[in-house]
file data.txt (compact mmCIF, C-alpha atoms)
# COMPACT_ATOMS: atom_id res chain seq x y z
CA MET P 1 8.33 -42.32 -3.35
CA THR P 2 11.67 -42.89 -1.70
CA ASP P 3 14.72 -44.59 -3.07
CA HIS P 4 15.48 -47.67 -0.99
CA ASP P 5 18.28 -48.90 -3.21
CA HIS P 6 21.27 -47.64 -1.26
CA MET P 7 20.18 -46.08 2.03
CA PRO P 8 17.84 -47.46 4.66
CA PRO P 9 14.68 -45.36 4.89
CA THR P 10 14.64 -42.62 7.47
CA PRO P 11 12.11 -42.71 10.30
CA GLN P 12 10.24 -39.89 8.52
CA ALA P 13 10.12 -41.83 5.26
CA ILE P 14 8.74 -44.85 7.13
CA ARG P 15 6.18 -42.66 8.88
CA ALA P 16 5.09 -41.09 5.58
CA GLU P 17 4.79 -44.51 3.98
CA ALA P 18 2.82 -45.78 6.99
CA LEU P 19 0.32 -42.95 6.67
CA GLU P 20 0.11 -43.30 2.89
CA SER P 21 -0.51 -47.05 3.06
CA LEU P 22 -3.19 -46.71 5.72
CA LEU P 23 -5.01 -43.97 3.82
CA ILE P 24 -4.97 -46.07 0.66
CA GLU P 25 -6.24 -49.16 2.54
CA LYS P 26 -9.03 -47.10 4.05
CA GLY P 27 -10.05 -45.97 0.57
CA LEU P 28 -9.43 -42.32 1.37
CA MET P 29 -6.94 -41.82 -1.40
CA SER P 30 -5.33 -43.84 -4.13
CA ALA P 31 -1.74 -44.44 -5.12
CA GLU P 32 -2.70 -43.19 -8.58
CA ALA P 33 -3.85 -39.85 -7.14
CA VAL P 34 -0.53 -39.41 -5.35
CA ASP P 35 1.38 -40.29 -8.52
CA ALA P 36 -0.71 -37.80 -10.49
CA VAL P 37 0.25 -34.98 -8.13
CA ILE P 38 3.90 -35.98 -8.34
CA VAL P 39 3.77 -35.97 -12.14
CA ARG P 40 1.91 -32.67 -12.13
CA TYR P 41 4.63 -30.87 -10.18
CA SER P 42 7.58 -32.63 -11.74
CA GLU P 43 6.48 -32.32 -15.36
CA ARG P 44 3.74 -29.77 -15.88
CA VAL P 45 3.61 -27.14 -13.17
CA GLY P 46 6.68 -25.04 -12.58
CA PRO P 47 8.27 -21.64 -13.08
CA MET P 48 7.96 -22.02 -16.84
CA ASN P 49 4.34 -21.05 -16.27
CA GLY P 50 5.28 -17.80 -14.61
CA ALA P 51 7.90 -17.16 -17.27
CA ARG P 52 5.18 -17.28 -19.96
CA VAL P 53 3.12 -14.76 -18.00
CA VAL P 54 6.10 -12.43 -17.60
CA ALA P 55 7.01 -12.63 -21.28
CA ARG P 56 3.43 -11.85 -22.27
CA ALA P 57 3.43 -8.81 -19.96
CA TRP P 58 6.65 -7.53 -21.50
CA ILE P 59 5.14 -7.65 -25.00
CA ASP P 60 1.47 -6.85 -24.43
CA ALA P 61 0.77 -3.57 -22.60
CA ASP P 62 -2.92 -4.37 -22.07
CA PHE P 63 -2.07 -7.74 -20.57
CA ARG P 64 0.54 -6.12 -18.36
CA LYS P 65 -2.04 -3.65 -17.08
CA LEU P 66 -4.51 -6.44 -16.31
CA LEU P 67 -1.79 -8.55 -14.70
CA LEU P 68 -0.90 -5.78 -12.30
CA GLU P 69 -4.53 -4.93 -11.56
CA ASP P 70 -5.87 -8.49 -11.24
CA GLY P 71 -3.28 -11.23 -11.48
CA THR P 72 -5.82 -13.99 -10.90
CA ALA P 73 -7.94 -12.92 -13.85
CA ALA P 74 -4.95 -12.28 -16.08
CA ILE P 75 -3.54 -15.80 -15.80
CA GLU P 76 -6.89 -17.51 -16.31
CA GLU P 77 -6.42 -17.67 -20.07
CA PHE P 78 -3.29 -19.73 -19.57
CA GLY P 79 -5.34 -22.42 -17.83
CA PHE P 80 -2.68 -23.22 -15.27
CA GLU P 81 -3.45 -26.03 -12.86
CA GLY P 82 -2.06 -26.56 -9.41
CA GLY P 83 -4.08 -24.30 -7.18
CA GLN P 84 -2.52 -22.08 -4.57
CA THR P 85 -3.42 -18.98 -6.57
CA GLU P 86 -6.79 -18.22 -5.09
CA LYS P 87 -5.72 -14.64 -5.38
CA LEU P 88 -2.56 -13.83 -7.27
CA VAL P 89 -1.07 -10.38 -6.89
CA VAL P 90 1.74 -9.46 -9.28
CA VAL P 91 4.10 -6.68 -8.27
CA GLU P 92 6.37 -4.99 -10.80
CA ASN P 93 10.01 -4.12 -10.40
CA THR P 94 11.16 -0.73 -11.60
CA PRO P 95 14.56 0.96 -11.54
CA GLU P 96 13.48 2.65 -8.31
CA THR P 97 11.61 -0.21 -6.63
CA HIS P 98 12.49 -3.85 -6.09
CA ASN P 99 10.01 -6.41 -4.81
CA VAL P 100 10.62 -9.66 -2.97
CA VAL P 101 8.18 -12.30 -1.79
CA VAL P 102 8.06 -14.36 1.40
CA CYS P 103 5.69 -16.32 3.59
CA THR P 104 6.78 -15.38 7.08
CA LEU P 105 4.64 -18.02 8.80
CA CYS P 106 5.10 -21.13 6.67
CA SER P 107 5.63 -21.52 2.91
CA CYS P 108 2.69 -20.03 1.00
CA TYR P 109 3.74 -19.73 -2.62
CA PRO P 110 1.97 -19.29 -5.99
CA TRP P 111 2.32 -22.94 -7.02
CA ALA P 112 0.38 -22.65 -10.27
CA VAL P 113 2.84 -20.15 -11.74
CA LEU P 114 6.05 -21.09 -9.93
CA GLY P 115 5.66 -24.77 -9.02
CA LEU P 116 6.93 -25.99 -5.67
CA PRO P 117 8.88 -23.57 -3.49
CA PRO P 118 12.62 -24.03 -3.09
CA THR P 119 13.94 -25.28 0.23
CA TRP P 120 15.49 -21.94 1.18
CA TYR P 121 12.13 -20.18 0.76
CA LYS P 122 10.74 -22.29 3.62
CA ASP P 123 13.78 -21.82 5.85
CA PRO P 124 13.30 -19.75 9.05
CA ALA P 125 16.41 -17.69 8.20
CA TYR P 126 15.00 -16.49 4.87
CA ARG P 127 11.51 -15.97 6.26
CA SER P 128 12.72 -13.70 9.04
CA ARG P 129 15.75 -11.99 7.51
CA VAL P 130 14.01 -10.93 4.30
CA VAL P 131 11.68 -8.86 6.47
CA TRP P 132 14.15 -7.20 8.83
CA GLU P 133 17.29 -6.97 6.66
CA PRO P 134 16.25 -7.55 3.04
CA ARG P 135 19.04 -5.57 1.40
CA ARG P 136 21.77 -7.49 3.21
CA LEU P 137 20.07 -10.85 2.69
CA LEU P 138 19.56 -10.23 -1.03
CA ALA P 139 23.22 -9.24 -1.37
CA GLU P 140 24.23 -12.51 0.27
CA MET P 141 22.00 -14.32 -2.21
CA GLY P 142 23.80 -12.57 -5.08
CA LEU P 143 21.62 -9.51 -5.65
CA ALA P 144 23.29 -6.25 -4.67
CA LEU P 145 20.87 -3.31 -4.82
CA ASP P 146 21.90 0.32 -4.61
CA ASP P 147 20.81 2.12 -1.46
CA GLU P 148 18.52 4.34 -3.55
CA VAL P 149 16.43 1.36 -4.65
CA GLN P 150 13.42 0.88 -2.43
CA ILE P 151 12.77 -2.73 -1.40
CA ASN P 152 9.17 -3.87 -0.87
CA VAL P 153 8.66 -7.18 0.92
CA TRP P 154 5.34 -8.96 0.29
CA ASP P 155 4.13 -11.49 2.87
CA SER P 156 2.08 -14.27 1.34
CA SER P 157 -0.86 -15.98 3.01
CA ALA P 158 -3.41 -18.67 2.33
CA GLU P 159 -5.57 -16.03 0.67
CA VAL P 160 -3.04 -14.01 -1.30
CA ARG P 161 0.04 -15.20 -3.20
CA TYR P 162 2.55 -12.86 -4.78
CA MET P 163 4.75 -13.01 -7.85
CA VAL P 164 7.28 -10.45 -9.02
CA LEU P 165 7.16 -9.06 -12.56
CA PRO P 166 10.87 -8.54 -13.27
CA MET P 167 12.10 -5.74 -15.51
CA ARG P 168 12.66 -6.74 -19.10
CA PRO P 169 16.39 -7.15 -19.74
CA GLU P 170 18.12 -4.78 -22.12
CA ASN P 171 19.02 -5.82 -25.66
CA THR P 172 15.96 -8.06 -26.04
CA ASP P 173 14.18 -6.10 -28.77
CA GLY P 174 13.09 -8.39 -31.54
CA MET P 175 12.80 -11.46 -29.31
CA ASP P 176 9.49 -13.25 -29.50
CA GLU P 177 7.43 -14.29 -26.51
CA ALA P 178 8.93 -17.77 -26.29
CA GLN P 179 12.46 -16.43 -26.40
CA LEU P 180 11.68 -13.88 -23.73
CA ALA P 181 10.11 -16.55 -21.52
CA GLY P 182 13.38 -18.47 -21.74
CA LEU P 183 15.14 -15.56 -20.02
CA VAL P 184 12.90 -15.52 -16.96
CA THR P 185 14.07 -17.34 -13.84
CA ARG P 186 12.18 -18.58 -10.80
CA ASP P 187 14.39 -16.56 -8.50
CA ALA P 188 13.61 -13.36 -10.43
CA MET P 189 9.90 -14.02 -9.99
CA ILE P 190 10.39 -14.49 -6.25
CA GLY P 191 12.52 -11.36 -6.18
CA VAL P 192 15.87 -12.68 -4.99
CA ALA P 193 17.48 -12.17 -8.39
CA ARG P 194 17.36 -9.85 -11.36
CA LEU P 195 17.53 -10.81 -15.02
CA MET A 1 -0.49 -36.65 0.26
CA ALA A 2 -1.58 -33.31 1.69
CA ARG A 3 -2.51 -32.03 -1.78
CA VAL A 4 -4.41 -35.22 -2.63
CA LEU A 5 -6.32 -35.19 0.65
CA CYS A 6 -7.16 -31.51 0.16
CA GLU A 7 -8.36 -32.05 -3.40
CA ALA A 8 -10.48 -34.96 -2.16
CA GLY A 9 -12.08 -32.71 0.43
CA LEU A 10 -10.70 -34.67 3.37
CA VAL A 11 -8.40 -31.90 4.50
CA GLU A 12 -9.28 -28.25 4.71
CA TRP A 13 -6.12 -26.54 3.50
CA ASP A 14 -6.42 -23.53 5.77
CA GLU A 15 -6.97 -25.76 8.83
CA PHE A 16 -3.85 -27.69 7.89
CA ARG A 17 -1.93 -24.47 7.29
CA GLN A 18 -2.86 -23.08 10.70
CA LEU A 19 -1.69 -26.27 12.37
CA LEU A 20 1.52 -26.20 10.34
CA ILE A 21 2.14 -22.57 11.34
CA ARG A 22 1.67 -23.48 15.01
CA LYS A 23 4.06 -26.40 14.78
CA ILE A 24 6.62 -24.31 12.90
CA GLY A 25 6.36 -21.66 15.61
CA ASP A 26 6.78 -24.26 18.35
CA TRP A 27 9.87 -25.68 16.67
CA GLU A 28 11.43 -22.25 16.06
CA ALA A 29 10.82 -21.26 19.68
CA SER A 30 12.85 -24.24 20.89
CA HIS A 31 15.57 -24.40 18.23
CA VAL A 32 18.07 -21.76 17.15
CA ASN A 33 20.73 -23.06 14.84
CA ASP A 34 19.53 -26.59 14.29
CA ASP A 35 18.82 -27.85 10.79
CA TYR A 36 15.26 -26.99 9.90
CA PRO A 37 13.22 -30.19 9.42
CA TYR A 38 10.41 -28.61 7.38
CA TYR A 39 9.03 -31.86 6.00
CA GLU A 40 9.13 -33.56 9.39
CA ILE A 41 7.03 -30.71 10.77
CA PHE A 42 4.78 -30.89 7.70
CA LEU A 43 4.24 -34.63 8.16
CA ASP A 44 3.69 -34.18 11.89
CA ALA A 45 0.95 -31.63 11.19
CA LEU A 46 -0.71 -33.92 8.66
CA LEU A 47 -0.58 -36.86 11.08
CA GLU A 48 -2.10 -34.78 13.86
CA LEU A 49 -4.91 -33.66 11.57
CA MET A 50 -5.60 -37.28 10.59
CA GLN A 51 -5.70 -38.31 14.23
CA GLN A 52 -7.89 -35.38 15.26
CA GLY A 53 -10.33 -36.27 12.50
CA GLY A 54 -10.45 -39.90 13.55
CA VAL A 55 -9.03 -40.98 10.19
CA CYS A 56 -5.97 -42.75 11.56
CA ALA A 57 -5.33 -43.52 15.20
CA GLN A 58 -1.85 -43.10 16.59
CA ASP A 59 -1.50 -46.80 17.42
CA GLU A 60 -2.41 -47.69 13.82
CA ILE A 61 0.41 -45.51 12.56
CA LEU A 62 2.85 -46.92 15.09
CA GLN A 63 1.92 -50.50 14.24
CA ARG A 64 2.33 -49.87 10.52
CA GLU A 65 5.67 -48.13 11.10
CA ALA A 66 6.88 -51.16 13.02
CA VAL A 67 5.90 -53.46 10.16
CA LEU A 68 7.60 -51.28 7.55
CA ALA A 69 10.72 -50.88 9.67
CA ARG A 70 11.13 -54.68 9.83
CA ARG A 71 11.22 -54.87 6.05
CA PRO A 72 14.57 -56.10 4.69
CA HIS A 73 16.87 -53.27 3.59
CA GLY A 74 16.65 -52.69 -0.16
CA HIS A 75 12.99 -53.65 -0.36
CA ASP A 76 11.42 -52.03 -3.42
CA HIS A 77 7.84 -51.02 -2.74

call {"tool": "encode", "arguments": {"input": "data.txt", "output": "structure tokens"}}
result
Amino acid sequence: MTDHDHMPPTPQAIRAEALESLLIEKGLMSAEAVDAVIVRYSERVGPMNGARVVARAWIDADFRKLLLEDGTAAIEEFGFEGGQTEKLVVVENTPETHNVVVCTLCSCYPWAVLGLPPTWYKDPAYRSRVVWEPRRLLAEMGLALDDEVQINVWDSSAEVRYMVLPMRPENTDGMDEAQLAGLVTRDAMIGVARL
Amino acid sequence: MARVLCEAGLVEWDEFRQLLIRKIGDWEASHVNDDYPYYEIFLDALLELMQQGGVCAQDEILQREAVLARRPHGHDH
């Protein structure tokens, strides 16, 4: 899992390999199982899943209603794998309200629709500042919101994961679902960017 | 590894998460502007859970680390 070609392994890489090799020798997991998870999150599970959900919600009013009422049920038809969406709550942005997601305690994240969380999402600075100074933090991250826009911060947990439904961009009439999905970014679904 | 162990039923995700939260809190209480070693903390929590559950003893890990550390640089495993 680590590249030994140019740099000696770090102590943490050695420790991880030590644990992995012992668990495999003890028959508690297999190298194939680890590889399967790596392939899953590098090739199949990622924000393109969430983008498909968002695009569907922009086009289909009934789906949008269900998505906002019961995110878990709404995404079932997509058959996403990856777990971490035991309960998915989707919150919609409006011109008056902007939503942003965090896990203040660790890194809870809706993996099945967004893949693995970015490094900054796990950082203590983001986790604390998005709660006590969200407007300033978002501006530093490139999203300047007018003072009149209300910011809602949603704290994720093991039981509930959040995803933002961004507003549909202007001048997208006539685009089909696939084209619309191509406009949706991970950061917009976390709430640190707009489309 | 954590995902595989959870899917195999060997790790209860919420138990792991609670331990991770505690270790994150401990680190944040003693560090201010240091680089945040999230994956070191993550691995530390997983190791502690394995030791608590009697899956891997600390001396086993240390012995294996010593073997791997003696490997010639550039070894492709």

call {"tool": "interface_residues", "arguments": {"input": "data.txt", "of": "chain P", "to": "chain A", "cutoff": "10 Å", "atoms": "all atoms listed in the file", "output": "PyMOL selection string"}}
result
chain P and resi 1-23+26+28-31+33-38+82-84+104-108+119+122-125+157-159

call {"tool": "closest_residue", "arguments": {"input": "data.txt", "among": "P:Arg186, P:Gln179, P:Gly174, P:Asn93", "to": "Val153 in chain P", "atoms": "all atoms listed in the file"}}
result
P:Asn93

call {"tool": "axis_aligned_box", "arguments": {"input": "data.txt", "around": "range 16-20 of chain A", "padding_each_side": "8 Å", "output": "JSON"}}
result
{"center_x": -1.2, "center_y": -25.4, "center_z": 9.8, "size_x": 21.4, "size_y": 20.6, "size_z": 21.1}

call {"tool": "atom_distance", "arguments": {"input": "data.txt", "atom1": "CA of Gln150 in chain P", "atom2": "CA of Cys103 in chain P"}}
result
19.8 Å

call {"tool": "atom_distance", "arguments": {"input": "data.txt", "atom1": "CA of Ala112 in chain P", "atom2": "CA of Tyr41 in chain P"}}
result
9.3 Å

call {"tool": "atom_distance", "arguments": {"input": "data.txt", "atom1": "CA of Met167 in chain P", "atom2": "CA of Ala144 in chain P"}}
result
15.6 Å

call {"tool": "closest_residue", "arguments": {"input": "data.txt", "among": "P:Glu76, P:Tyr121, P:Val91, P:Gly115", "to": "Asn49 in chain P", "atoms": "all atoms listed in the file"}}
result
P:Gly115

call {"tool": "decode", "arguments": {"input": "data.txt", "residues": "range 35-68 of chain P", "atoms": "C-alpha atoms", "output": "JSON list (two decimals), in the first residue's frame"}}
result
[["chain", "number", "residue", "atom", "x", "y", "z"],
["P", 35, "ASP", "CA", -7.38, -4.54, -2.01],
["P", 36, "ALA", "CA", -11.13, -4.72, -2.66],
["P", 37, "VAL", "CA", -11.78, -1.81, -0.31],
["P", 38, "ILE", "CA", -8.99, 0.20, -1.94],
["P", 39, "VAL", "CA", -10.44, -0.45, -5.39],
["P", 40, "ARG", "CA", -13.93, 0.36, -4.15],
["P", 41, "TYR", "CA", -12.96, 3.83, -2.97],
["P", 42, "SER", "CA", -10.51, 4.62, -5.73],
["P", 43, "GLU", "CA", -12.68, 3.49, -8.64],
["P", 44, "ARG", "CA", -16.33, 3.08, -7.71],
["P", 45, "VAL", "CA", -17.34, 5.11, -4.70],
["P", 46, "GLY", "CA", -16.87, 8.84, -4.83],
["P", 47, "PRO", "CA", -18.61, 12.19, -5.23],
["P", 48, "MET", "CA", -19.86, 11.16, -8.65],
["P", 49, "ASN", "CA", -22.48, 9.21, -6.71],
["P", 50, "GLY", "CA", -23.70, 12.30, -4.92],
["P", 51, "ALA", "CA", -23.60, 14.26, -8.16],
["P", 52, "ARG", "CA", -26.06, 11.79, -9.72],
["P", 53, "VAL", "CA", -28.39, 12.22, -6.75],
["P", 54, "VAL", "CA", -28.22, 16.01, -6.98],
["P", 55, "ALA", "CA", -28.86, 16.01, -10.73],
["P", 56, "ARG", "CA", -31.87, 13.74, -10.27],
["P", 57, "ALA", "CA", -33.25, 16.09, -7.60],
["P", 58, "TRP", "CA", -32.87, 19.08, -9.90],
["P", 59, "ILE", "CA", -34.92, 17.38, -12.62],
["P", 60, "ASP", "CA", -37.44, 15.29, -10.69],
["P", 61, "ALA", "CA", -39.58, 17.20, -8.18],
["P", 62, "ASP", "CA", -40.95, 14.03, -6.56],
["P", 63, "PHE", "CA", -37.46, 12.65, -6.08],
["P", 64, "ARG", "CA", -36.33, 15.96, -4.64],
["P", 65, "LYS", "CA", -39.18, 15.88, -2.14],
["P", 66, "LEU", "CA", -38.30, 12.33, -1.08],
["P", 67, "LEU", "CA", -34.60, 13.17, -0.91],
["P", 68, "LEU", "CA", -35.23, 16.01, 1.50]]
